[in-house]
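Visitor: Got a structure for you, work-v2.tsv, holding TSV, C-alpha atoms.
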```tsv
chain	number	residue	atom	x	y	z
A	1	MET	CA	82.83	113.28	98.35
A	2	THR	CA	82.68	117.04	98.95
A	3	GLN	CA	84.92	119.86	100.11
A	4	ILE	CA	83.92	121.90	103.17
A	5	GLY	CA	86.31	124.56	104.40
A	6	GLY	CA	89.32	122.77	102.94
A	7	VAL	CA	88.35	119.51	104.61
A	8	THR	CA	87.39	116.55	102.42
A	9	VAL	CA	84.10	115.01	103.56
A	10	THR	CA	82.91	111.54	102.58
A	11	GLY	CA	79.43	110.24	103.35
A	12	PRO	CA	78.02	106.73	103.71
A	13	SER	CA	78.68	104.30	100.86
A	14	GLN	CA	75.91	103.43	98.44
A	15	ASP	CA	77.84	100.89	96.38
A	16	GLY	CA	76.56	97.73	98.02
A	17	ASP	CA	80.12	96.53	98.67
A	18	LEU	CA	80.42	93.23	100.52
A	19	THR	CA	82.42	95.04	103.21
A	20	ALA	CA	79.61	97.53	103.89
A	21	ARG	CA	78.27	97.69	107.42
A	22	THR	CA	74.99	98.92	108.91
A	23	PRO	CA	75.91	100.05	112.42
A	24	ALA	CA	73.26	100.99	114.96
A	25	ARG	CA	74.36	104.62	114.67
A	26	ARG	CA	76.65	106.45	112.32
A	27	GLY	CA	79.82	108.06	113.57
A	28	SER	CA	81.83	111.06	112.50
A	29	ALA	CA	85.57	110.69	111.96
A	30	LEU	CA	88.34	113.19	111.32
A	31	LEU	CA	91.45	111.86	109.56
A	32	LEU	CA	94.54	114.02	110.04
A	33	SER	CA	96.90	113.66	107.09
A	34	GLY	CA	99.90	115.74	106.03
A	35	SER	CA	100.79	116.97	102.56
A	36	LEU	CA	104.41	115.80	102.46
A	37	GLY	CA	104.35	113.60	99.39
A	38	MET	CA	101.26	111.45	98.86
A	39	GLY	CA	101.73	108.53	101.23
A	40	HIS	CA	99.81	110.01	104.15
A	41	ASP	CA	96.93	111.10	101.90
A	42	VAL	CA	96.68	107.61	100.36
A	43	MET	CA	96.40	106.03	103.81
A	44	ALA	CA	93.84	108.63	104.87
A	45	GLU	CA	91.84	107.83	101.74
A	46	ALA	CA	91.94	104.13	102.59
A	47	CYS	CA	90.78	104.67	106.17
A	48	GLY	CA	88.09	107.09	105.03
A	49	ALA	CA	86.76	104.62	102.47
A	50	SER	CA	86.64	101.83	105.05
A	51	LEU	CA	84.82	104.01	107.58
A	52	THR	CA	82.38	105.14	104.90
A	53	ARG	CA	81.54	101.53	104.10
A	54	ARG	CA	80.62	101.16	107.76
A	55	GLY	CA	78.17	104.07	107.60
A	56	TRP	CA	80.47	106.74	109.02
A	57	THR	CA	80.97	110.25	107.75
A	58	ALA	CA	84.72	110.79	107.32
A	59	ARG	CA	86.53	114.03	106.61
A	60	THR	CA	90.25	114.60	106.07
A	61	GLY	CA	92.26	117.53	107.37
A	62	ASP	CA	95.82	118.50	106.45
A	63	SER	CA	98.01	118.90	109.53
A	64	LEU	CA	100.46	121.07	107.60
A	65	ARG	CA	97.71	123.44	106.46
A	66	MET	CA	96.63	123.68	110.09
A	67	LEU	CA	100.04	125.21	110.81
A	68	GLY	CA	98.85	128.26	108.87
A	69	GLY	CA	99.74	129.41	105.36
A	70	ARG	CA	103.33	130.52	105.82
A	71	ASN	CA	104.11	127.98	108.52
A	72	GLY	CA	102.74	125.09	106.48
A	73	ALA	CA	104.82	126.07	103.44
A	74	ARG	CA	107.83	126.64	105.68
A	75	GLY	CA	107.44	123.14	107.18
A	76	GLU	CA	107.60	121.53	103.75
A	77	LYS	CA	110.52	123.77	102.75
A	78	VAL	CA	112.48	122.78	105.87
A	79	PHE	CA	111.87	119.09	105.21
A	80	ARG	CA	112.90	119.37	101.56
A	81	GLY	CA	115.96	121.31	102.64
A	82	MET	CA	117.03	118.57	105.05
A	83	LEU	CA	116.64	115.96	102.33
A	84	ALA	CA	118.85	118.04	100.02
A	85	VAL	CA	121.81	118.00	102.44
A	86	PRO	CA	123.45	114.54	102.48
A	87	GLY	CA	123.31	113.01	105.95
A	88	LEU	CA	121.30	115.80	107.60
A	89	TYR	CA	117.90	114.12	107.78
A	90	ASP	CA	119.56	110.83	108.69
A	91	ALA	CA	121.20	112.59	111.63
A	92	VAL	CA	117.94	114.18	112.78
A	93	HIS	CA	115.91	111.00	112.37
A	94	PHE	CA	118.28	108.49	113.95
A	95	SER	CA	119.66	110.67	116.77
A	96	GLN	CA	116.53	112.65	117.65
A	97	MET	CA	113.24	111.37	116.23
A	98	ARG	CA	113.79	107.67	116.90
A	99	THR	CA	115.21	108.30	120.37
A	100	GLY	CA	112.96	111.14	121.49
A	101	GLY	CA	115.79	113.64	121.80
A	102	LYS	CA	115.51	117.30	122.72
A	103	LEU	CA	115.13	118.40	119.11
A	104	ALA	CA	112.18	116.05	118.67
A	105	GLY	CA	110.51	117.63	121.68
A	106	LEU	CA	111.13	121.10	120.29
A	107	ILE	CA	109.62	120.15	116.92
A	108	GLU	CA	106.55	118.73	118.66
A	109	ARG	CA	105.99	121.78	120.87
A	110	THR	CA	106.52	124.24	118.04
A	111	SER	CA	104.14	122.53	115.62
A	112	SER	CA	101.47	121.99	118.29
A	113	ARG	CA	101.49	125.70	119.12
A	114	TYR	CA	99.92	126.33	115.71
A	115	VAL	CA	98.00	123.14	115.02
A	116	VAL	CA	96.20	122.87	118.38
A	117	PRO	CA	94.05	126.05	117.95
A	118	ALA	CA	93.04	125.01	114.43
A	119	LEU	CA	92.21	121.48	115.55
A	120	ARG	CA	90.27	122.76	118.57
A	121	GLU	CA	88.17	124.94	116.28
A	122	GLU	CA	87.55	122.05	113.87
A	123	LEU	CA	86.41	119.71	116.64
A	124	SER	CA	84.25	122.42	118.24
A	125	THR	CA	82.55	123.16	114.94
A	126	THR	CA	81.88	119.56	113.87
A	127	PRO	CA	81.01	116.95	116.53
A	128	THR	CA	83.48	114.10	116.13
A	129	ASP	CA	83.58	110.60	117.56
A	130	LEU	CA	86.98	109.48	116.28
A	131	VAL	CA	90.20	111.20	115.24
A	132	VAL	CA	92.75	109.10	113.32
A	133	SER	CA	96.14	110.78	112.97
A	134	ILE	CA	98.06	109.63	109.89
A	135	PHE	CA	100.72	112.32	110.33
A	136	ALA	CA	102.83	112.74	113.44
A	137	THR	CA	102.05	116.45	113.79
A	138	GLY	CA	98.35	115.61	113.97
A	139	ALA	CA	98.98	112.96	116.61
A	140	ALA	CA	100.74	115.43	118.89
A	141	ALA	CA	98.02	118.07	118.56
A	142	THR	CA	95.20	115.56	119.09
A	143	SER	CA	96.79	114.37	122.30
A	144	ARG	CA	96.80	117.93	123.61
A	145	VAL	CA	93.11	118.64	122.93
A	146	LYS	CA	91.52	115.27	123.62
A	147	ASP	CA	90.57	115.99	127.24
A	148	GLU	CA	88.58	119.03	126.11
A	149	PHE	CA	86.16	116.81	124.17
A	150	PRO	CA	84.54	114.15	126.39
A	151	GLY	CA	83.93	110.89	124.58
A	152	LEU	CA	86.42	111.60	121.80
A	153	VAL	CA	88.38	108.49	120.80
A	154	THR	CA	91.83	108.93	119.25
A	155	ALA	CA	93.92	106.64	117.10
A	156	VAL	CA	97.23	106.85	115.24
A	157	PHE	CA	97.96	105.02	111.98
A	158	SER	CA	101.59	104.79	110.88
A	159	THR	CA	103.00	102.56	108.13
A	160	ASP	CA	106.59	103.29	109.17
A	161	CYS	CA	108.70	100.35	110.28
A	162	CYS	CA	110.24	102.24	113.21
A	163	VAL	CA	107.56	104.48	114.69
A	164	HIS	CA	109.45	107.49	116.07
A	165	ARG	CA	108.81	109.55	119.16
A	166	LEU	CA	106.58	112.19	117.58
A	167	TRP	CA	103.95	109.56	116.79
A	168	VAL	CA	103.52	108.34	120.38
A	169	HIS	CA	101.45	110.24	122.97
A	170	ASP	CA	99.74	109.45	126.26
A	171	ASN	CA	96.25	110.43	125.09
A	172	THR	CA	96.16	107.99	122.18
A	173	ASP	CA	93.65	105.15	122.58
A	174	LEU	CA	94.90	102.94	119.73
A	175	TYR	CA	97.89	102.61	117.43
A	176	LEU	CA	97.50	100.98	114.02
A	177	VAL	CA	100.80	99.76	112.56
A	178	THR	CA	101.77	97.39	109.75
A	179	SER	CA	104.44	95.23	111.40
A	180	GLN	CA	105.38	93.71	114.73
A	181	THR	CA	108.59	95.74	114.63
A	182	ALA	CA	106.55	98.93	114.49
A	183	ALA	CA	104.41	97.75	117.41
A	184	ARG	CA	107.55	97.29	119.51
A	185	TYR	CA	108.77	100.77	118.61
A	186	VAL	CA	105.46	102.20	119.84
A	187	ARG	CA	105.91	100.35	123.12
A	188	ARG	CA	109.42	101.73	123.42
A	189	PHE	CA	107.78	105.01	124.40
A	190	ALA	CA	104.40	103.75	125.67
A	191	PRO	CA	104.87	100.26	127.16
A	192	ASN	CA	101.15	99.81	127.88
A	193	ALA	CA	99.87	101.13	124.56
A	194	LEU	CA	97.06	99.34	122.75
A	195	VAL	CA	98.56	98.41	119.37
A	196	SER	CA	96.91	96.61	116.46
A	197	VAL	CA	98.98	95.22	113.58
A	198	VAL	CA	97.08	95.50	110.29
A	199	PRO	CA	97.93	94.91	106.62
A	200	THR	CA	98.82	97.98	104.58
A	201	PRO	CA	95.61	98.99	102.79
A	202	VAL	CA	95.86	99.14	99.01
A	203	ARG	CA	93.59	101.19	96.75
A	204	THR	CA	90.86	99.29	94.90
A	205	PRO	CA	92.20	99.68	91.29
A	206	PHE	CA	95.30	97.66	92.17
A	207	TYR	CA	93.15	94.59	92.81
A	208	ASP	CA	91.74	94.68	89.28
A	209	PRO	CA	94.55	95.68	86.88
A	210	PRO	CA	94.58	94.84	83.17
A	211	SER	CA	96.59	91.86	82.00
A	212	GLN	CA	100.18	92.49	80.98
A	213	GLU	CA	99.22	91.92	77.34
A	214	GLU	CA	96.39	94.45	77.50
A	215	ALA	CA	98.50	97.05	79.30
A	216	ARG	CA	101.40	96.68	76.86
A	217	ALA	CA	99.15	96.87	73.82
A	218	GLU	CA	97.78	100.20	75.01
A	219	LEU	CA	101.30	101.56	75.57
A	220	GLY	CA	102.81	100.15	72.37
A	221	ILE	CA	105.31	97.90	74.15
A	222	PRO	CA	106.18	94.55	72.48
A	223	GLY	CA	105.00	91.55	74.46
A	224	ASP	CA	108.45	89.98	74.74
A	225	ALA	CA	110.43	93.15	75.52
A	226	PRO	CA	111.93	93.77	78.97
A	227	CYS	CA	110.08	96.63	80.68
A	228	VAL	CA	110.40	98.38	84.05
A	229	LEU	CA	108.31	100.96	85.85
A	230	LEU	CA	110.61	103.66	87.28
A	231	MET	CA	109.23	106.01	89.92
A	232	SER	CA	110.16	107.49	93.27
A	233	GLY	CA	107.20	108.97	95.09
A	234	SER	CA	105.25	112.10	94.22
A	235	TRP	CA	108.41	114.21	94.57
A	236	GLY	CA	110.42	112.12	92.11
A	237	LEU	CA	113.44	111.74	94.37
A	238	GLY	CA	116.78	110.52	93.03
A	239	PRO	CA	118.48	110.53	89.61
A	240	LEU	CA	115.48	109.30	87.62
A	241	VAL	CA	116.44	110.93	84.31
A	242	GLU	CA	119.95	109.46	84.35
A	243	SER	CA	118.56	106.09	85.42
A	244	ALA	CA	115.92	106.08	82.66
A	245	ALA	CA	118.61	106.91	80.09
A	246	ALA	CA	120.89	104.09	81.27
A	247	LEU	CA	118.10	101.52	81.46
A	248	SER	CA	116.75	102.35	77.99
A	249	GLY	CA	120.32	102.32	76.65
A	250	ALA	CA	120.54	98.71	77.83
A	251	GLY	CA	117.49	97.82	75.73
A	252	ILE	CA	114.85	98.08	78.45
A	253	TYR	CA	111.54	99.87	77.98
A	254	VAL	CA	111.18	102.40	80.83
A	255	LEU	CA	107.83	103.70	82.06
A	256	ALA	CA	109.18	106.76	83.88
A	257	VAL	CA	106.85	108.57	86.29
A	258	ALA	CA	107.74	112.03	87.59
A	259	GLY	CA	104.86	112.37	90.05
A	260	ARG	CA	104.15	116.00	90.93
A	261	ASN	CA	107.70	117.07	90.05
A	262	GLU	CA	107.04	119.24	86.99
A	263	ARG	CA	110.72	119.94	86.31
A	264	LEU	CA	111.45	116.22	86.32
A	265	ALA	CA	108.48	115.58	84.03
A	266	ALA	CA	109.86	118.07	81.50
A	267	ARG	CA	113.30	116.44	81.60
A	268	LEU	CA	111.83	112.96	81.12
A	269	THR	CA	109.78	114.22	78.17
A	270	ALA	CA	112.91	115.67	76.59
A	271	LEU	CA	114.76	112.38	77.15
A	272	ALA	CA	111.91	110.43	75.54
A	273	GLU	CA	112.31	112.48	72.36
A	274	ARG	CA	115.87	111.13	72.05
A	275	GLN	CA	115.41	107.64	73.49
A	276	HIS	CA	112.14	106.17	72.34
A	277	LYS	CA	112.13	103.30	74.82
A	278	VAL	CA	111.49	105.87	77.56
A	279	ILE	CA	107.76	106.53	77.98
A	280	PRO	CA	107.31	109.52	80.33
A	281	PHE	CA	104.46	110.36	82.68
A	282	GLY	CA	103.84	113.19	85.09
A	283	PHE	CA	101.30	112.77	87.87
A	284	THR	CA	99.03	109.93	86.77
A	285	ASP	CA	96.30	107.65	88.03
A	286	ARG	CA	97.43	104.91	85.61
A	287	ILE	CA	99.94	103.33	88.00
A	288	PRO	CA	97.99	100.00	88.20
A	289	ALA	CA	98.18	99.67	84.40
A	290	LEU	CA	101.83	100.74	84.31
A	291	MET	CA	102.69	98.13	86.94
A	292	ALA	CA	100.76	95.53	84.97
A	293	ALA	CA	102.72	96.38	81.81
A	294	SER	CA	106.10	96.12	83.56
A	295	ASP	CA	108.21	93.12	84.54
A	296	LEU	CA	109.83	94.94	87.48
A	297	VAL	CA	109.04	98.02	89.57
A	298	VAL	CA	112.03	100.24	90.37
A	299	THR	CA	111.01	102.61	93.16
A	300	SER	CA	111.80	104.00	96.59
A	301	SER	CA	110.52	102.44	99.81
A	302	GLY	CA	106.93	103.35	100.57
A	303	ASP	CA	103.34	102.28	100.09
A	304	THR	CA	103.95	101.74	96.35
A	305	CYS	CA	105.69	98.53	97.40
A	306	SER	CA	102.45	97.07	98.76
A	307	GLU	CA	100.65	98.04	95.57
A	308	ALA	CA	103.28	96.32	93.43
A	309	ARG	CA	103.01	93.14	95.49
A	310	VAL	CA	99.23	93.04	95.02
A	311	ILE	CA	99.68	93.20	91.24
A	312	GLY	CA	102.49	90.64	91.41
A	313	ARG	CA	105.60	92.61	90.51
A	314	ASP	CA	109.01	92.25	92.10
A	315	LEU	CA	110.75	95.35	93.40
A	316	LEU	CA	114.15	96.93	92.91
A	317	LEU	CA	114.45	99.53	95.65
A	318	LEU	CA	116.27	102.84	95.38
A	319	ASP	CA	117.98	103.93	98.59
A	320	VAL	CA	117.05	107.59	98.11
A	321	VAL	CA	114.80	108.41	101.08
A	322	PRO	CA	116.92	109.02	104.19
A	323	GLY	CA	115.81	108.59	107.78
A	324	HIS	CA	112.53	106.71	108.01
A	325	GLY	CA	112.96	105.76	104.33
A	326	ARG	CA	115.99	103.63	105.23
A	327	ASP	CA	114.01	101.96	108.03
A	328	ASN	CA	111.19	101.19	105.62
A	329	LEU	CA	113.58	99.90	102.97
A	330	GLN	CA	114.75	97.26	105.46
A	331	LYS	CA	111.13	96.27	106.08
A	332	GLU	CA	110.42	95.84	102.37
A	333	LEU	CA	113.50	93.67	101.88
A	334	GLU	CA	112.37	91.44	104.74
A	335	ARG	CA	108.94	91.06	103.12
A	336	GLY	CA	110.54	89.50	100.08
A	337	HIS	CA	110.32	89.81	96.28
A	338	ALA	CA	112.60	92.85	96.60
A	339	GLU	CA	116.22	93.80	95.99
A	340	VAL	CA	118.09	97.01	96.74
A	341	THR	CA	120.44	98.91	94.43
A	342	ASN	CA	122.79	101.85	94.44
A	343	THR	CA	121.46	104.89	92.62
A	344	ASP	CA	124.31	105.48	90.17
A	345	PRO	CA	123.00	104.57	86.70
A	346	VAL	CA	125.58	101.84	86.01
A	347	SER	CA	124.88	99.96	89.25
A	348	LEU	CA	121.14	100.41	88.89
A	349	THR	CA	121.15	99.05	85.35
A	350	ARG	CA	123.23	96.01	86.32
A	351	SER	CA	120.84	95.27	89.18
A	352	ALA	CA	117.78	95.73	86.97
A	353	LEU	CA	119.11	93.39	84.29
A	354	ALA	CA	119.88	90.74	86.92
A	355	CYS	CA	116.41	91.09	88.43
A	356	LEU	CA	114.76	90.84	85.02
A	357	ASP	CA	116.59	87.57	84.43
A	358	ARG	CA	115.27	86.19	87.72
A	359	VAL	CA	111.65	87.37	87.74
A	360	LYS	CA	110.37	86.26	84.33
A	361	PRO	CA	107.51	85.64	84.17
A	362	PRO	CA	106.28	88.18	86.78
A	363	SER	CA	105.75	86.76	90.24
A	364	HIS	CA	102.32	85.70	91.38
A	365	ARG	CA	100.23	88.35	93.01
A	366	VAL	CA	100.24	88.34	96.79
A	367	ALA	CA	97.52	86.10	98.23
A	368	ILE	CA	96.29	88.78	100.61
A	369	GLY	CA	93.19	90.61	99.40
A	370	PRO	CA	91.25	93.69	100.51
A	371	GLN	CA	89.24	91.60	102.97
A	372	ALA	CA	92.34	91.16	105.15
A	373	TRP	CA	92.55	94.92	105.72
A	374	GLU	CA	88.81	95.25	106.30
A	375	GLN	CA	88.75	92.43	108.84
A	376	ALA	CA	91.77	93.77	110.69
A	377	PHE	CA	90.32	97.28	110.67
A	378	ASP	CA	87.04	95.88	112.05
A	379	ALA	CA	88.88	94.16	114.88
A	380	ALA	CA	90.87	97.30	115.67
A	381	LEU	CA	87.76	99.50	115.79
A	382	ALA	CA	86.07	96.98	118.09
A	383	GLN	CA	88.95	97.32	120.56
A	384	ILE	CA	88.14	101.00	121.03
A	385	GLY	CA	84.38	100.57	121.27
A	386	PHE	CA	83.36	100.86	117.64
A	387	GLY	CA	82.21	97.33	116.93
A	388	ALA	CA	79.46	96.54	114.44
A	389	HIS	CA	76.70	97.49	116.89
A	390	TRP	CA	78.21	100.32	118.91
```
If you convert what's in this file into structure tokens, what do you get?
Guide:
Amino acid sequence: MTQIGGVTVTGPSQDGDLTARTPARRGSALLLSGSLGMGHDVMAEACGASLTRRGWTARTGDSLRMLGGRNGARGEKVFRGMLAVPGLYDAVHFSQMRTGGKLAGLIERTSSRYVVPALREELSTTPTDLVVSIFATGAAATSRVKDEFPGLVTAVFSTDCCVHRLWVHDNTDLYLVTSQTAARYVRRFAPNALVSVVPTPVRTPFYDPPSQEEARAELGIPGDAPCVLLMSGSWGLGPLVESAAALSGAGIYVLAVAGRNERLAARLTALAERQHKVIPFGFTDRIPALMAASDLVVTSSGDTCSEARVIGRDLLLLDVVPGHGRDNLQKELERGHAEVTNTDPVSLTRSALACLDRVKPPSHRVAIGPQAWEQAFDAALAQIGFGAHW
């Protein structure tokens, strides 16, 4: 994996994986992510790895960076600002984004004004067979430039339950979604769209975690002690410090992850000095081991839920992500092995204690394995002309 002009480039796999392919010719793919949190990047990484195993060269671009320095930072600032005002992002999402209102159209046109020139330059510089948009801004821009590049195939991959208007565009050849509900939301705006329902891909380390005994021994947690993993995305949304304090006060070991939120990490570290059942982490790649050590994962709705299910941990979901987060929370509850709680520390602790009583020992890991994603991805690629021998 290398970096070229700010774009991550991955070449063909040499690992001899059972899912490797030897196509008649190798393709070049551009994955358009967006640096709001980590969810989009994780899905881009999964798609890139799968394409690489098939002999492709895959590179990842950041749609927000394509807005330009100030505009990209401003886009993240605006989004964070909406989240900070109770009800504001809910109002925008449910009245505009999901319905395709005038504001949604304005957002699309404004972002495309900046992203389209950058994307045009990227595609002109590097011949590309396939663009997969994993961020709505990238999907809109790709639709606008596709006709300028004969033979270019375009796809959209969204793990949202209710795919909103900014994801759906006439020049998209294929939509990858993770539920039948999402497929129907795509067809709300594009009735004849080609849609493929696929499992949510999960990163390789989650399929081979340590045992609970091994993970706890490394962390110094007694084998018979109740333990939860507490996290809420890379931004650390919600009252995590107050929740960690309440949970540990009830006798629960708390593996508290701040993500990329440095201020939160400092507060959790300070709390751990007073309450020794709180074990704090900042941004870490040890999440598979932390899940393995826990009895229950307390988190917000998102791709972490699929990772927890692979390891075999029940979920207690924090209702802290408005808009599409509330849609996705509903989806996770329907998938099972999940409960939802209020975010005040007293309610959260009561819910966690009740869940811990019900889930001992931890639930069995989900039967689905990585092959399910690979097979579904194969079938989806074949629908747009990229079968094993294209």
Visitor: Please provide as a list in words all residues within 10 Å of A:Asp303, with the sequence filter that same-chain residues fewer than 4 positions apart are discarded (counting only C-alpha atoms).
Guide: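 Here the answer would be Met38, Gly39, His40, Val42, Met43, Thr159, Asp160, Thr200, Pro201, Val202, Gly233, Glu307, Ala308, Asn328 and Glu332 of chain A.
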Visitor: Got a sec: who's within 7 Å of A:Met231, counting only C-alpha atoms, leaving out chain neighbours fewer than 5 positions off, as a ChimeraX atom specification?
Guide: /A:236,256-258,298-299
Visitor: Can you work out the spacing between atom CA of A:Ser50 and atom CA of A:Phe377 in Å, to one decimal?
Guide: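 Computing it gives 8.1 Å between the two atoms.
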Visitor: Would you compute the distance between atom CA of A:Met97 and atom CA of A:Ser112? Give it in Å to one decimal.
Guide: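 These atoms are spaced 16.0 Å apart.
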Visitor: What separation in Å, quoted to one decimal, exists between atom CA of A:Ala338 and atom CA of A:Ser301?
Guide: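 If I compute the distance from atom CA of A:Ala338 to atom CA of A:Ser301, I get 10.3 Å.
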Visitor: Could you tell me, as number ranges by chain, which residues have any atom at most 12 Å from (108.0, 97.7, 122.5), counting all atoms listed in the file?
Guide: A: 162-164, 168, 179-195
Visitor: Enclose the full set of atoms of stretch 335-351 of chain A listed in the file within a box whose edges lie along x, y and z, apply 6 Å of padding to each of the six sides, and report centre and edge lengths in Å to one decimal as AutoDock Vina command-line options.
Guide:
```
--center_x 117.3 --center_y 97.5 --center_z 94.2 --size_x 28.6 --size_y 28.0 --size_z 29.8
```
Visitor: Mind listing whatever residues come within 12 Å of the point (88.9, 125.1, 112.0)? Use all atoms listed in the file, file coordinates, and give them as a list in words.
Guide: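 Final list of nearby residues, as requested, is Ile4, Gly5, Gly6, Val7, Leu30, Gly61, Asp62, Ser63, Arg65, Met66, Leu67, Gly68, Tyr114, Val115, Val116, Pro117, Ala118, Leu119, Arg120, Glu121, Glu122, Leu123, Ser124, Thr125 and Thr126 of chain A.
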Visitor: Please, could you write that set of residues out with C-alpha atoms as a PDB file, keeping the file's coordinate frame?
Guide:
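The resulting file, result.pdb, is shown below:
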```
ATOM      1  CA  ILE A   4      83.920 121.900 103.170  1.00  0.00           C
ATOM      2  CA  GLY A   5      86.310 124.560 104.400  1.00  0.00           C
ATOM      3  CA  GLY A   6      89.320 122.770 102.940  1.00  0.00           C
ATOM      4  CA  VAL A   7      88.350 119.510 104.610  1.00  0.00           C
ATOM      5  CA  LEU A  30      88.340 113.190 111.320  1.00  0.00           C
ATOM      6  CA  GLY A  61      92.260 117.530 107.370  1.00  0.00           C
ATOM      7  CA  ASP A  62      95.820 118.500 106.450  1.00  0.00           C
ATOM      8  CA  SER A  63      98.010 118.900 109.530  1.00  0.00           C
ATOM      9  CA  ARG A  65      97.710 123.440 106.460  1.00  0.00           C
ATOM     10  CA  MET A  66      96.630 123.680 110.090  1.00  0.00           C
ATOM     11  CA  LEU A  67     100.040 125.210 110.810  1.00  0.00           C
ATOM     12  CA  GLY A  68      98.850 128.260 108.870  1.00  0.00           C
ATOM     13  CA  TYR A 114      99.920 126.330 115.710  1.00  0.00           C
ATOM     14  CA  VAL A 115      98.000 123.140 115.020  1.00  0.00           C
ATOM     15  CA  VAL A 116      96.200 122.870 118.380  1.00  0.00           C
ATOM     16  CA  PRO A 117      94.050 126.050 117.950  1.00  0.00           C
ATOM     17  CA  ALA A 118      93.040 125.010 114.430  1.00  0.00           C
ATOM     18  CA  LEU A 119      92.210 121.480 115.550  1.00  0.00           C
ATOM     19  CA  ARG A 120      90.270 122.760 118.570  1.00  0.00           C
ATOM     20  CA  GLU A 121      88.170 124.940 116.280  1.00  0.00           C
ATOM     21  CA  GLU A 122      87.550 122.050 113.870  1.00  0.00           C
ATOM     22  CA  LEU A 123      86.410 119.710 116.640  1.00  0.00           C
ATOM     23  CA  SER A 124      84.250 122.420 118.240  1.00  0.00           C
ATOM     24  CA  THR A 125      82.550 123.160 114.940  1.00  0.00           C
ATOM     25  CA  THR A 126      81.880 119.560 113.870  1.00  0.00           C
TER      26      THR A 126
END
```
Visitor: Choose the residue, out of A:Gly387, A:Pro280, A:Gly87, A:Gly312, that has the smallest atom-to-atom separation from A:Val297; count only C-alpha atoms.
Guide: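 Going through A:Gly387, A:Pro280, A:Gly87, A:Gly312 one by one, the smallest distance to A:Val297 is for A:Gly312.
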Visitor: Can you list, as a VMD selection string, every protein, DNA or RNA residue that comes within 12 Å of A:Arg350 when you count only C-alpha atoms, leaving out same-chain residues fewer than 6 positions away?
Guide: chain A and resid 243 246 to 247 249 to 250 252 316 340 to 344 356 to 357
Visitor: From the set A:Ala376, A:Val198, A:Leu230, A:Cys161, which residue has the shortest atom-to-atom contact distance to A:Leu318, counting all atoms listed in the file?
Guide: A:Leu230
Visitor: Out of A:Arg260, A:Arg216, A:Arg309, A:His337, which residue has the shortest atom-to-atom distance to A:Ser294 when counting only C-alpha atoms?
Guide: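 Closest to A:Ser294 of all the choices is A:Arg216.
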Visitor: Smallest atom-to-atom distance to A:Arg54: which of A:Pro86, A:Gly27, A:Glu218, A:Gly34, using only C-alpha atoms?
Guide: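 When distances to A:Arg54 are compared using only C-alpha atoms, the smallest one comes from A:Gly27.
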Visitor: My list of candidates is A:Val346, A:Ala29, A:Val359, A:Val320. Which is closest to A:Gly238 when distances are computed with all atoms listed in the file?
Guide: A:Val320
Visitor: Smallest atom-to-atom distance to A:Ala372: which of A:Val197, A:Met82, A:Leu315, A:Ala217, using all atoms listed in the file?
Guide: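 Going through A:Val197, A:Met82, A:Leu315, A:Ala217 one by one, the smallest distance to A:Ala372 is for A:Val197.
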Visitor: Within 7 Å of A:Ala289, counting all atoms listed in the file, which residues qualify if same-chain residues fewer than 5 places away don't, as a list in words?
Guide: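 The residues satisfying every condition are Pro209, Pro210 and Ala215 of chain A.
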